[in-house]
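Structure file final.tsv (TSV, C-alpha atoms) is printed below.
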```tsv
chain	number	residue	atom	x	y	z
A	1	MET	CA	-90.84	57.29	56.67
A	2	MET	CA	-87.22	56.34	56.22
A	3	ASP	CA	-85.88	52.93	57.29
A	4	VAL	CA	-83.09	53.05	59.89
A	5	VAL	CA	-80.15	50.66	59.27
A	6	LYS	CA	-79.03	49.02	62.45
A	7	GLN	CA	-75.33	48.06	62.77
A	8	LYS	CA	-74.54	44.63	64.08
A	9	GLN	CA	-72.65	44.76	67.35
A	10	VAL	CA	-69.55	42.59	67.75
A	11	ARG	CA	-69.52	40.80	70.98
A	12	PRO	CA	-66.40	41.12	73.13
A	13	LEU	CA	-65.88	37.34	73.27
A	14	GLN	CA	-65.80	37.01	69.48
A	15	LYS	CA	-63.32	39.88	69.23
A	16	VAL	CA	-60.97	38.14	71.63
A	17	ARG	CA	-61.19	34.90	69.67
A	18	LEU	CA	-60.43	36.72	66.42
A	19	ILE	CA	-57.34	38.38	67.87
A	20	ILE	CA	-56.07	35.05	69.28
A	21	GLY	CA	-56.60	33.31	65.90
A	22	VAL	CA	-54.67	35.93	63.95
A	23	SER	CA	-51.89	35.81	66.50
A	24	MET	CA	-51.68	32.03	66.25
A	25	VAL	CA	-51.41	32.20	62.43
A	26	LEU	CA	-48.64	34.78	62.62
A	27	LEU	CA	-46.80	32.76	65.26
A	28	PHE	CA	-47.04	29.60	63.19
A	29	ALA	CA	-45.71	31.39	60.11
A	30	TRP	CA	-42.78	32.81	62.09
A	31	LEU	CA	-41.96	29.44	63.62
A	32	SER	CA	-42.10	27.81	60.20
A	33	LEU	CA	-39.75	30.40	58.76
A	34	GLU	CA	-37.33	29.95	61.62
A	35	LEU	CA	-37.59	26.20	61.40
A	36	PHE	CA	-36.80	26.04	57.71
A	37	SER	CA	-33.99	28.54	58.07
A	38	THR	CA	-32.15	26.46	60.65
A	39	SER	CA	-29.56	23.97	59.57
A	40	ASP	CA	-31.20	21.13	61.49
A	41	ASP	CA	-33.46	20.57	58.47
A	42	PHE	CA	-30.39	19.72	56.28
A	43	LYS	CA	-29.82	16.02	56.52
A	44	LEU	CA	-27.55	13.66	54.59
A	45	GLN	CA	-27.35	9.91	54.53
A	46	ARG	CA	-23.94	8.57	55.52
A	47	GLN	CA	-23.72	6.32	52.47
A	48	ALA	CA	-24.44	9.23	50.14
A	49	ILE	CA	-21.27	11.15	50.98
A	50	ILE	CA	-17.53	10.60	50.62
A	51	VAL	CA	-15.45	11.36	53.68
A	52	GLY	CA	-11.74	12.07	53.79
A	53	GLN	CA	-9.35	12.30	56.71
A	54	VAL	CA	-6.72	14.99	57.09
A	55	LYS	CA	-3.24	13.46	57.19
A	56	GLN	CA	0.15	14.81	58.18
A	57	GLY	CA	3.47	13.73	56.74
A	58	ASP	CA	5.59	13.85	53.62
A	59	LEU	CA	3.58	14.46	50.48
A	60	ASN	CA	4.78	13.54	47.00
A	61	VAL	CA	3.72	16.23	44.55
A	62	SER	CA	2.78	14.68	41.24
A	63	VAL	CA	1.33	15.64	37.88
A	64	ASP	CA	-1.31	13.41	36.33
A	65	GLY	CA	-1.37	12.61	32.64
A	66	TYR	CA	-3.11	10.37	30.15
A	67	GLY	CA	-2.02	8.87	26.88
A	68	VAL	CA	-1.09	5.69	25.04
A	69	LEU	CA	1.73	3.19	24.78
A	70	ARG	CA	3.59	3.60	21.52
A	71	SER	CA	6.70	2.05	20.06
A	72	ASN	CA	9.83	4.11	19.71
A	73	LYS	CA	10.43	2.23	16.47
A	74	GLN	CA	7.54	2.79	14.11
A	75	LYS	CA	7.26	2.15	10.40
A	76	LEU	CA	4.83	3.99	8.17
A	77	ILE	CA	3.97	2.06	5.01
A	78	THR	CA	2.85	4.06	1.98
A	79	THR	CA	2.05	3.18	-1.59
A	80	GLN	CA	4.38	4.06	-4.47
A	81	ASP	CA	1.87	3.84	-7.31
A	82	PRO	CA	-1.87	4.23	-7.79
A	83	ALA	CA	-3.47	0.86	-7.12
A	84	THR	CA	-6.53	-0.93	-5.78
A	85	VAL	CA	-6.65	-2.99	-2.59
A	86	TYR	CA	-7.98	-6.46	-3.44
A	87	GLU	CA	-6.97	-8.51	-0.39
A	88	ILE	CA	-6.37	-7.75	3.32
A	89	LEU	CA	-4.66	-10.44	5.37
A	90	VAL	CA	-3.87	-8.73	8.72
A	91	ARG	CA	-6.02	-6.38	10.78
A	92	PRO	CA	-4.87	-3.85	13.45
A	93	GLY	CA	-3.62	-5.54	16.60
A	94	GLY	CA	-2.24	-8.53	14.73
A	95	ALA	CA	1.34	-9.62	15.38
A	96	VAL	CA	3.60	-9.39	12.34
A	97	LYS	CA	7.11	-10.35	11.29
A	98	PRO	CA	9.26	-8.65	8.63
A	99	ASP	CA	7.97	-10.90	5.82
A	100	THR	CA	4.33	-10.95	6.95
A	101	ILE	CA	1.99	-9.89	4.13
A	102	ILE	CA	-0.47	-7.27	5.38
A	103	LEU	CA	-2.40	-6.64	2.16
A	104	LYS	CA	-2.21	-7.05	-1.61
A	105	MET	CA	-2.94	-4.51	-4.33
A	106	GLN	CA	-3.14	-4.56	-8.11
A	107	ASP	CA	-2.32	-2.04	-10.85
A	108	PRO	CA	-3.17	-3.04	-14.47
A	109	ASP	CA	-1.10	-0.19	-15.92
A	110	LEU	CA	1.98	-1.32	-14.00
A	111	THR	CA	1.47	-4.88	-15.20
A	112	GLN	CA	1.37	-3.66	-18.82
A	113	GLN	CA	4.52	-1.60	-18.32
A	114	LEU	CA	6.26	-4.62	-16.85
A	115	GLU	CA	5.37	-6.77	-19.86
A	116	SER	CA	6.61	-4.08	-22.26
A	117	ALA	CA	9.86	-3.79	-20.33
A	118	GLU	CA	10.42	-7.55	-20.52
A	119	MET	CA	9.90	-7.45	-24.29
A	120	GLU	CA	12.33	-4.54	-24.66
A	121	LEU	CA	14.98	-6.38	-22.64
A	122	ASN	CA	14.60	-9.48	-24.81
A	123	ARG	CA	14.89	-7.35	-27.96
A	124	GLN	CA	18.08	-5.66	-26.78
A	125	GLN	CA	19.60	-9.00	-25.80
A	126	ALA	CA	18.78	-10.40	-29.25
A	127	ASN	CA	20.33	-7.34	-30.91
A	128	PHE	CA	23.46	-7.87	-28.84
A	129	ARG	CA	23.82	-11.46	-29.97
A	130	ARG	CA	23.16	-10.48	-33.59
A	131	GLN	CA	25.71	-7.67	-33.44
A	132	LYS	CA	28.28	-9.96	-31.89
A	133	LEU	CA	27.87	-12.52	-34.70
A	134	ALA	CA	28.09	-9.80	-37.38
A	135	ASN	CA	31.27	-8.47	-35.82
A	136	GLN	CA	32.83	-11.92	-35.72
A	137	ARG	CA	31.92	-12.46	-39.40
A	138	GLU	CA	33.44	-9.15	-40.43
A	139	LEU	CA	36.59	-9.79	-38.42
A	140	LEU	CA	37.03	-13.23	-40.00
A	141	MET	CA	36.83	-11.70	-43.47
A	142	GLU	CA	39.49	-9.16	-42.63
A	143	MET	CA	41.67	-11.85	-41.05
A	144	ALA	CA	41.37	-13.89	-44.25
A	145	THR	CA	42.49	-10.90	-46.27
A	146	LEU	CA	45.46	-10.44	-43.93
A	147	ALA	CA	46.40	-14.11	-44.29
A	148	GLU	CA	46.28	-13.82	-48.07
A	149	LEU	CA	48.43	-10.70	-48.10
A	150	THR	CA	50.88	-12.27	-45.70
A	151	SER	CA	51.18	-15.33	-47.93
A	152	GLN	CA	51.78	-13.15	-50.99
A	153	HIS	CA	54.39	-11.16	-49.10
A	154	GLN	CA	56.25	-14.30	-48.09
A	155	SER	CA	56.24	-15.48	-51.73
A	156	LEU	CA	57.71	-12.17	-52.87
A	157	VAL	CA	60.39	-12.40	-50.20
A	158	MET	CA	61.41	-15.82	-51.45
A	159	ARG	CA	61.34	-14.61	-55.03
A	160	ARG	CA	63.49	-11.59	-54.25
A	161	GLU	CA	66.01	-13.69	-52.39
A	162	ALA	CA	66.25	-16.07	-55.36
A	163	GLN	CA	66.67	-13.23	-57.84
A	164	GLN	CA	69.32	-11.67	-55.63
A	165	THR	CA	71.28	-14.92	-55.75
A	166	LEU	CA	70.94	-15.13	-59.54
A	167	ARG	CA	72.00	-11.50	-59.86
A	168	ASP	CA	75.12	-12.21	-57.86
A	169	GLN	CA	75.84	-14.98	-60.38
A	170	GLY	CA	75.18	-12.60	-63.27
A	171	VAL	CA	72.18	-14.47	-64.53
A	172	VAL	CA	69.41	-11.95	-63.70
A	173	PRO	CA	69.61	-8.27	-64.49
A	174	ALA	CA	69.70	-5.83	-61.58
A	175	ILE	CA	66.43	-4.22	-62.69
A	176	GLU	CA	64.47	-7.36	-61.98
A	177	VAL	CA	65.93	-7.52	-58.48
A	178	LYS	CA	64.98	-3.89	-57.88
A	179	THR	CA	61.46	-4.60	-59.14
A	180	ALA	CA	61.11	-7.57	-56.82
A	181	GLU	CA	62.31	-5.51	-53.87
A	182	LEU	CA	59.80	-2.79	-54.68
A	183	GLU	CA	56.90	-5.25	-54.92
A	184	GLU	CA	57.99	-6.81	-51.64
A	185	GLU	CA	58.03	-3.44	-49.89
A	186	GLN	CA	54.60	-2.52	-51.26
A	187	LEU	CA	53.07	-5.78	-50.17
A	188	ALA	CA	54.67	-5.49	-46.72
A	189	GLU	CA	53.04	-2.08	-46.39
A	190	ARG	CA	49.66	-3.59	-47.34
A	191	VAL	CA	50.13	-6.28	-44.71
A	192	LYS	CA	50.93	-3.63	-42.15
A	193	LEU	CA	47.87	-1.59	-43.12
A	194	GLN	CA	45.67	-4.68	-42.93
A	195	GLU	CA	46.94	-5.46	-39.45
A	196	GLN	CA	46.16	-1.88	-38.41
A	197	ARG	CA	42.71	-2.21	-39.99
A	198	ILE	CA	42.03	-5.37	-38.02
A	199	ALA	CA	43.21	-3.75	-34.79
A	200	GLN	CA	40.98	-0.75	-35.42
A	201	LEU	CA	38.08	-2.99	-36.34
A	202	LYS	CA	38.44	-4.84	-33.03
A	203	LEU	CA	38.19	-1.51	-31.18
A	204	VAL	CA	35.09	-0.54	-33.16
A	205	HIS	CA	33.51	-3.93	-32.47
A	206	SER	CA	34.30	-3.65	-28.77
A	207	GLU	CA	32.74	-0.18	-28.53
A	208	ASP	CA	29.74	-1.34	-30.51
A	209	LEU	CA	29.18	-4.26	-28.15
A	210	THR	CA	29.70	-1.96	-25.16
A	211	ILE	CA	26.92	0.33	-26.39
A	212	SER	CA	24.67	-2.65	-26.98
A	213	GLN	CA	25.44	-3.93	-23.49
A	214	GLU	CA	24.57	-0.55	-22.01
A	215	LEU	CA	21.22	-0.67	-23.78
A	216	ILE	CA	20.69	-4.12	-22.29
A	217	ASN	CA	21.66	-2.85	-18.83
A	218	GLN	CA	19.29	0.09	-19.22
A	219	ALA	CA	16.41	-2.18	-20.23
A	220	HIS	CA	17.26	-4.54	-17.39
A	221	SER	CA	17.29	-1.64	-14.91
A	222	ILE	CA	13.89	-0.44	-16.11
A	223	LEU	CA	12.53	-3.96	-15.79
A	224	ALA	CA	14.01	-4.31	-12.29
A	225	ARG	CA	12.43	-1.04	-11.14
A	226	LEU	CA	9.05	-2.06	-12.50
A	227	ALA	CA	9.39	-5.49	-10.92
A	228	GLU	CA	10.25	-3.83	-7.60
A	229	ARG	CA	7.20	-1.61	-7.88
A	230	GLU	CA	5.07	-4.64	-8.64
A	231	ALA	CA	6.55	-6.46	-5.65
A	232	LYS	CA	5.57	-3.53	-3.43
A	233	LEU	CA	1.95	-4.09	-4.38
A	234	THR	CA	2.27	-7.02	-1.99
A	235	VAL	CA	2.61	-5.00	1.21
A	236	ARG	CA	4.78	-6.61	3.90
A	237	ALA	CA	5.33	-5.47	7.47
A	238	GLY	CA	9.09	-5.03	7.09
A	239	THR	CA	9.65	-5.27	10.83
A	240	GLU	CA	8.61	-7.40	13.77
A	241	GLY	CA	5.89	-6.03	16.00
A	242	VAL	CA	2.18	-5.24	15.88
A	243	LEU	CA	0.04	-3.71	13.15
A	244	GLN	CA	-1.06	-0.50	14.85
A	245	ARG	CA	-3.15	1.08	12.12
A	246	LEU	CA	-4.65	0.05	8.78
A	247	ALA	CA	-5.59	3.11	6.75
A	248	VAL	CA	-7.36	1.43	3.80
A	249	GLU	CA	-10.32	-0.86	3.18
A	250	LEU	CA	-10.97	-3.67	0.75
A	251	GLY	CA	-11.59	-2.38	-2.78
A	252	GLN	CA	-10.27	1.09	-2.02
A	253	SER	CA	-8.26	2.92	-4.69
A	254	VAL	CA	-5.13	4.61	-3.40
A	255	VAL	CA	-2.83	7.22	-4.91
A	256	ALA	CA	0.96	7.47	-4.82
A	257	GLY	CA	2.24	8.43	-1.36
A	258	GLN	CA	-0.98	7.52	0.47
A	259	GLU	CA	-0.67	5.85	3.87
A	260	LEU	CA	-1.48	2.15	3.93
A	261	ALA	CA	-0.56	0.96	7.42
A	262	GLN	CA	1.60	1.62	10.47
A	263	VAL	CA	3.62	-1.05	12.23
A	264	GLY	CA	5.29	-0.63	15.62
A	265	SER	CA	7.58	-2.81	17.65
A	266	SER	CA	6.11	-4.41	20.75
A	267	LYS	CA	9.47	-4.75	22.52
A	268	ASP	CA	10.38	-1.08	23.09
A	269	LEU	CA	7.06	0.50	24.05
A	270	GLN	CA	7.02	3.89	25.74
A	271	ALA	CA	4.21	5.86	27.34
A	272	LEU	CA	3.35	9.09	25.57
A	273	VAL	CA	1.14	11.03	27.99
A	274	ARG	CA	-0.31	14.50	27.83
A	275	VAL	CA	-0.27	16.81	30.85
A	276	SER	CA	-1.71	20.24	31.45
A	277	GLN	CA	0.40	23.10	30.13
A	278	SER	CA	-0.01	24.91	33.47
A	279	LYS	CA	1.82	22.05	35.25
A	280	ALA	CA	4.46	21.44	32.60
A	281	GLU	CA	7.01	23.69	34.30
A	282	GLN	CA	7.13	21.24	37.22
A	283	ILE	CA	8.26	18.36	35.00
A	284	GLN	CA	11.93	17.66	34.27
A	285	VAL	CA	13.75	14.89	32.44
A	286	GLY	CA	14.78	12.11	34.81
A	287	GLN	CA	11.85	12.43	37.23
A	288	SER	CA	10.20	9.20	38.33
A	289	ALA	CA	6.69	8.24	37.31
A	290	VAL	CA	4.13	5.48	37.64
A	291	VAL	CA	2.24	4.22	34.58
A	292	ASN	CA	-1.13	2.55	35.14
A	293	THR	CA	-1.96	0.01	32.41
A	294	ARG	CA	-5.30	-0.87	34.06
A	295	ARG	CA	-3.82	-4.24	35.01
A	296	GLU	CA	-0.69	-3.13	36.83
A	297	GLN	CA	1.26	-0.07	37.89
A	298	VAL	CA	4.76	0.11	36.46
A	299	GLN	CA	7.71	2.32	37.39
A	300	ALA	CA	8.95	4.68	34.68
A	301	LYS	CA	10.95	7.87	34.23
A	302	VAL	CA	10.67	11.02	32.14
A	303	THR	CA	12.94	10.84	29.06
A	304	ARG	CA	11.55	13.61	26.83
A	305	ILE	CA	9.33	16.70	27.14
A	306	SER	CA	7.82	18.08	23.97
A	307	PRO	CA	7.97	21.88	23.60
A	308	GLN	CA	4.81	21.98	21.47
A	309	VAL	CA	1.49	22.89	23.04
A	310	GLN	CA	-1.64	21.21	21.71
A	311	GLU	CA	-5.08	22.06	23.08
A	312	GLY	CA	-3.56	23.30	26.33
A	313	THR	CA	-1.46	20.17	26.91
A	314	ILE	CA	2.09	19.02	26.20
A	315	GLU	CA	3.40	15.54	25.47
A	316	VAL	CA	5.75	13.81	27.90
A	317	GLU	CA	7.62	10.61	27.04
A	318	LEU	CA	7.97	8.02	29.80
A	319	THR	CA	10.33	5.04	29.55
A	320	PHE	CA	9.81	1.92	31.66
A	321	VAL	CA	12.56	1.41	34.22
A	322	ASN	CA	12.44	-2.39	34.44
A	323	GLY	CA	11.48	-3.19	30.87
A	324	VAL	CA	8.14	-3.32	29.08
A	325	PRO	CA	5.49	-4.99	31.31
A	326	ASP	CA	3.58	-8.06	30.17
A	327	SER	CA	0.28	-6.17	30.11
A	328	ALA	CA	1.63	-3.56	27.68
A	329	ARG	CA	0.64	-3.50	24.04
A	330	PRO	CA	0.81	-0.80	21.34
A	331	GLU	CA	-1.87	1.93	21.47
A	332	LEU	CA	-3.01	0.84	24.95
A	333	ASN	CA	-4.64	3.73	26.84
A	334	VAL	CA	-2.80	4.44	30.08
A	335	ASP	CA	-2.75	6.91	32.96
A	336	ALA	CA	0.46	8.23	34.48
A	337	GLN	CA	1.53	10.00	37.64
A	338	ILE	CA	4.77	11.96	37.41
A	339	ASN	CA	6.48	12.69	40.73
A	340	THR	CA	7.88	16.22	40.60
A	341	HIS	CA	9.01	16.89	44.20
A	342	GLN	CA	8.20	16.14	47.85
A	343	LEU	CA	6.72	18.34	50.59
A	344	LYS	CA	8.07	17.56	54.06
A	345	ASN	CA	5.75	17.20	57.07
A	346	VAL	CA	2.64	18.95	55.75
A	347	LEU	CA	-1.11	18.54	56.17
A	348	TYR	CA	-2.95	17.12	53.18
A	349	VAL	CA	-6.23	15.53	52.19
A	350	GLU	CA	-7.79	13.92	49.17
A	351	ARG	CA	-9.02	16.56	46.75
A	352	PRO	CA	-12.56	17.70	47.72
A	353	SER	CA	-15.08	18.31	44.99
A	354	ASN	CA	-14.85	21.68	43.18
A	355	THR	CA	-11.67	22.64	45.05
A	356	GLN	CA	-8.59	24.17	43.45
A	357	SER	CA	-5.03	24.61	44.65
A	358	HIS	CA	-3.96	27.92	46.23
A	359	SER	CA	-7.54	28.82	47.13
A	360	GLN	CA	-9.89	29.05	50.11
A	361	GLN	CA	-12.94	26.84	50.31
A	362	THR	CA	-15.66	26.30	52.90
A	363	LEU	CA	-15.82	22.61	53.75
A	364	PHE	CA	-17.94	20.65	56.16
A	365	VAL	CA	-15.99	19.12	59.03
A	366	LEU	CA	-17.49	16.07	60.72
A	367	GLU	CA	-17.98	16.14	64.48
A	368	GLN	CA	-19.65	12.82	65.27
A	369	ASP	CA	-23.02	13.01	63.45
A	370	ILE	CA	-22.90	16.74	62.75
A	371	ALA	CA	-21.04	18.47	59.91
A	372	VAL	CA	-20.20	22.14	60.40
A	373	PRO	CA	-18.79	24.52	57.79
A	374	GLN	CA	-15.21	25.68	58.14
A	375	LEU	CA	-13.01	27.85	55.91
A	376	VAL	CA	-9.91	25.97	54.76
A	377	SER	CA	-6.88	27.35	52.86
A	378	PHE	CA	-5.28	25.02	50.31
A	379	GLY	CA	-1.75	25.09	48.95
A	380	ILE	CA	0.04	22.99	46.34
A	381	ASP	CA	-1.77	20.57	44.06
A	382	ALA	CA	-0.32	17.06	44.54
A	383	GLY	CA	-2.40	15.18	42.02
A	384	LYS	CA	-4.90	13.17	44.04
A	385	PHE	CA	-4.17	15.22	47.16
A	386	LEU	CA	-4.17	18.90	48.10
A	387	GLN	CA	-1.88	20.51	50.65
A	388	ILE	CA	-3.68	22.19	53.55
A	389	GLU	CA	-2.18	25.45	54.74
A	390	SER	CA	-4.64	26.38	57.48
A	391	GLY	CA	-8.17	25.99	58.80
A	392	ILE	CA	-8.15	22.36	59.82
A	393	SER	CA	-6.24	19.97	62.07
A	394	PRO	CA	-4.71	16.50	61.55
A	395	ASN	CA	-7.03	13.48	61.71
A	396	GLN	CA	-10.16	15.57	61.28
A	397	GLN	CA	-12.69	14.26	58.79
A	398	ILE	CA	-14.24	16.37	56.04
A	399	ILE	CA	-16.88	15.77	53.41
A	400	LEU	CA	-15.24	15.39	50.01
A	401	SER	CA	-18.50	15.23	48.09
A	402	ASP	CA	-20.14	18.26	46.52
A	403	THR	CA	-21.91	20.22	49.30
A	404	SER	CA	-22.66	23.40	47.37
A	405	THR	CA	-26.38	22.82	47.99
A	406	TYR	CA	-25.80	23.33	51.72
A	407	LYS	CA	-23.37	26.25	51.54
A	408	ASN	CA	-25.66	28.49	53.63
A	409	ALA	CA	-26.31	25.87	56.30
A	410	LYS	CA	-24.93	26.33	59.78
A	411	GLN	CA	-24.73	22.58	60.20
A	412	VAL	CA	-25.75	19.36	58.48
A	413	ARG	CA	-26.97	16.29	60.32
A	414	ILE	CA	-25.47	12.99	59.10
A	415	MET	CA	-27.96	10.17	59.23
A	416	GLN	CA	-26.77	6.58	59.62
```

Show the structure stored in the file as structure tokens.
Amino acid sequence: MMDVVKQKQVRPLQKVRLIIGVSMVLLFAWLSLELFSTSDDFKLQRQAIIVGQVKQGDLNVSVDGYGVLRSNKQKLITTQDPATVYEILVRPGGAVKPDTIILKMQDPDLTQQLESAEMELNRQQANFRRQKLANQRELLMEMATLAELTSQHQSLVMRREAQQTLRDQGVVPAIEVKTAELEEEQLAERVKLQEQRIAQLKLVHSEDLTISQELINQAHSILARLAEREAKLTVRAGTEGVLQRLAVELGQSVVAGQELAQVGSSKDLQALVRVSQSKAEQIQVGQSAVVNTRREQVQAKVTRISPQVQEGTIEVELTFVNGVPDSARPELNVDAQINTHQLKNVLYVERPSNTQSHSQQTLFVLEQDIAVPQLVSFGIDAGKFLQIESGISPNQQIILSDTSTYKNAKQVRIMQ
């Protein structure tokens, strides 16, 4: 016989309970989904957000920049000869005067050249003195010869005059008088030639001494140049100010033309700031600016705009209006705000996070303890502030902090 399988009957009460249970689970899931999708679950602590208030009035449009204070009078010190740094006396930031020694170097080859030049100068000077004595000795010998010839000539003149007298008396023949006259003329010619010889000899001696003097001058010039080069191994500031940069270290070997240091005046500092290339067209020479030295804010004006673009920025030179402030020093990092123009009677607010000029952004507007999203149109960038074109009213408060996490929320509750 075959066994008959009996099916278990479900009671009506159990079926009802099962249907109610499934319905309750589905209802709970739907309520949970709705609950988590509503904005009431988005909550923020008041101290965790930054709030800004919409203002109305005149708005100064400015361009922000950053840079350093740098002297308009700078001196770059380089080396003239290969050398080795053996002593450093001033470090960057130290105040210097024109004769302040910054560092000392040494060059053995230059020292040897200097010694050789001194010896050469001494040799040329000795040759000059020797040549001068030889010339004087030679001139004295020629002068003695001239004196002897002159004496002989005078004797012949006296002899001829005596013979002429005796001839007039008929005592001496005419031939002897003629002979005496001839000897006198010959000796007079020799005297004349000797005088010319002495004059020519003086010219030769003068030229000879001139050449010797030129050799001395040349040796002296070489020695002076070497001495000047040796003096430059002791590096001095050359101007009053502050040592801005020291490009070498102790024991370092340097080559000709290498930078050693940079000195700048501390009395004519200017701010060299870099601004975004996209905002450079707003800047003009003569515009006012404010330079922040971290200790004070000082009035300045634009005096130069560089045409060169570097890494998307340009350099703007700002000159202090009322003189260099006490807190200023060379190479000090500063911030600057350049006022380009003014917007009359506009709405503006501090720049919200991740918001750009000439764009639309959804911001959360505070209404008591609830923040609701609202589309706002922004206009001109005014540095710290942004112009508001539409979407919000004066005196309303908005959340400036980053609220991108809640961009899909219908509202956010602000907890005290």

(request) Excluding range 46-53 of chain A and residues on its chain fewer than 2 positions from it, collect all residues at most 8 Å away from it, counting only C-alpha atoms, and give them as a list of chain:residue names. (result) A:Leu44, A:Lys55, A:Val349, A:Glu350, A:Pro394, A:Asn395, A:Gln396, A:Gln397, A:Ile398, A:Ile399, A:Leu400, A:Ser401, A:Ile414, A:Met415, A:Gln416

Using C-alpha atoms, can you export the residues from the last selection as a compact mmCIF listing (two decimals), keeping the file's coordinate frame?
```
# COMPACT_ATOMS: atom_id res chain seq x y z
CA LEU A 44 -27.55 13.66 54.59
CA LYS A 55 -3.24 13.46 57.19
CA VAL A 349 -6.23 15.53 52.19
CA GLU A 350 -7.79 13.92 49.17
CA PRO A 394 -4.71 16.50 61.55
CA ASN A 395 -7.03 13.48 61.71
CA GLN A 396 -10.16 15.57 61.28
CA GLN A 397 -12.69 14.26 58.79
CA ILE A 398 -14.24 16.37 56.04
CA ILE A 399 -16.88 15.77 53.41
CA LEU A 400 -15.24 15.39 50.01
CA SER A 401 -18.50 15.23 48.09
CA ILE A 414 -25.47 12.99 59.10
CA MET A 415 -27.96 10.17 59.23
CA GLN A 416 -26.77 6.58 59.62
```

Kindly assemble as a tab-separated table a list of the range 115-150 of chain A residues that lie within 8 Å of range 198-213 of chain A, each paired with its nearest atom pair and their distance in Å to one decimal, using only C-alpha atoms, sorted first by chain and then by ascending residue number.
```
residue	atom	partner	partner_atom	distance
A:Gln124	CA	A:Ser212	CA	7.2
A:Asn127	CA	A:Ser212	CA	7.5
A:Phe128	CA	A:Ser212	CA	5.7
A:Gln131	CA	A:Leu209	CA	7.2
A:Lys132	CA	A:Leu209	CA	6.9
A:Asn135	CA	A:His205	CA	6.1
A:Leu139	CA	A:Ile198	CA	7.0
A:Glu142	CA	A:Ile198	CA	6.5
A:Met143	CA	A:Ile198	CA	7.2
```

(request) For each of A:Leu133, A:Leu246, A:Val191, A:Ala231, take the minimum atom-to-atom distance to Thr145 in chain A, counting only C-alpha atoms, then give the residue where this is smallest. (result)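 Counting only C-alpha atoms, the residue closest to Thr145 in chain A is A:Val191.
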
(request) Would you be able to write out as a PyMOL selection string which residues have an atom within 7 Å of (-3.6, -5.5, 17.7) in the file's coordinates, counting all atoms listed in the file? (result) chain A and resi 92-95+242-244

(request) Compare A:Val273, A:Val54, A:Ile101, A:Leu375 by their minimum atom-to-atom distance to Val235 in chain A, counting only C-alpha atoms, and give me the closest one. (result)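 Using only C-alpha atoms, Val235 in chain A sits closest to A:Ile101.
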
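Between CA of Arg123 in chain A and CA of His220 in chain A there is a distance of 11.2 Å.
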
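The space between CA of Arg236 in chain A and CA of Pro330 in chain A spans 18.8 Å.
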
(request) Give me, please, the distance in Å between CA of Glu185 in chain A and CA of Arg160 in chain A, quoted to one decimal. (result) 10.7 Å

(request) For Ala289 in chain A, please output as a PyMOL selection string all residues within 9 Å (counting only C-alpha atoms; exclusion window: fewer than 4 positions along the same chain). (result) chain A and resi 62+298-302+318+336-340

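Minimum atom-to-atom distance to Arg245 in chain A, evaluated using all atoms listed in the file, belongs to A:Arg91 out of A:Arg91, A:Lys43, A:His358, A:Arg70.
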
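In this comparison, which uses all atoms listed in the file, the residue of A:Asp58, A:Glu230, A:Glu259, A:Glu87 approaching Lys75 in chain A most closely is A:Glu259.
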
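Shortest separation to Ser288 in chain A among A:Ser353, A:Ala188, A:Gly391, A:His341 occurs at residue A:His341, atoms counted being all atoms listed in the file.
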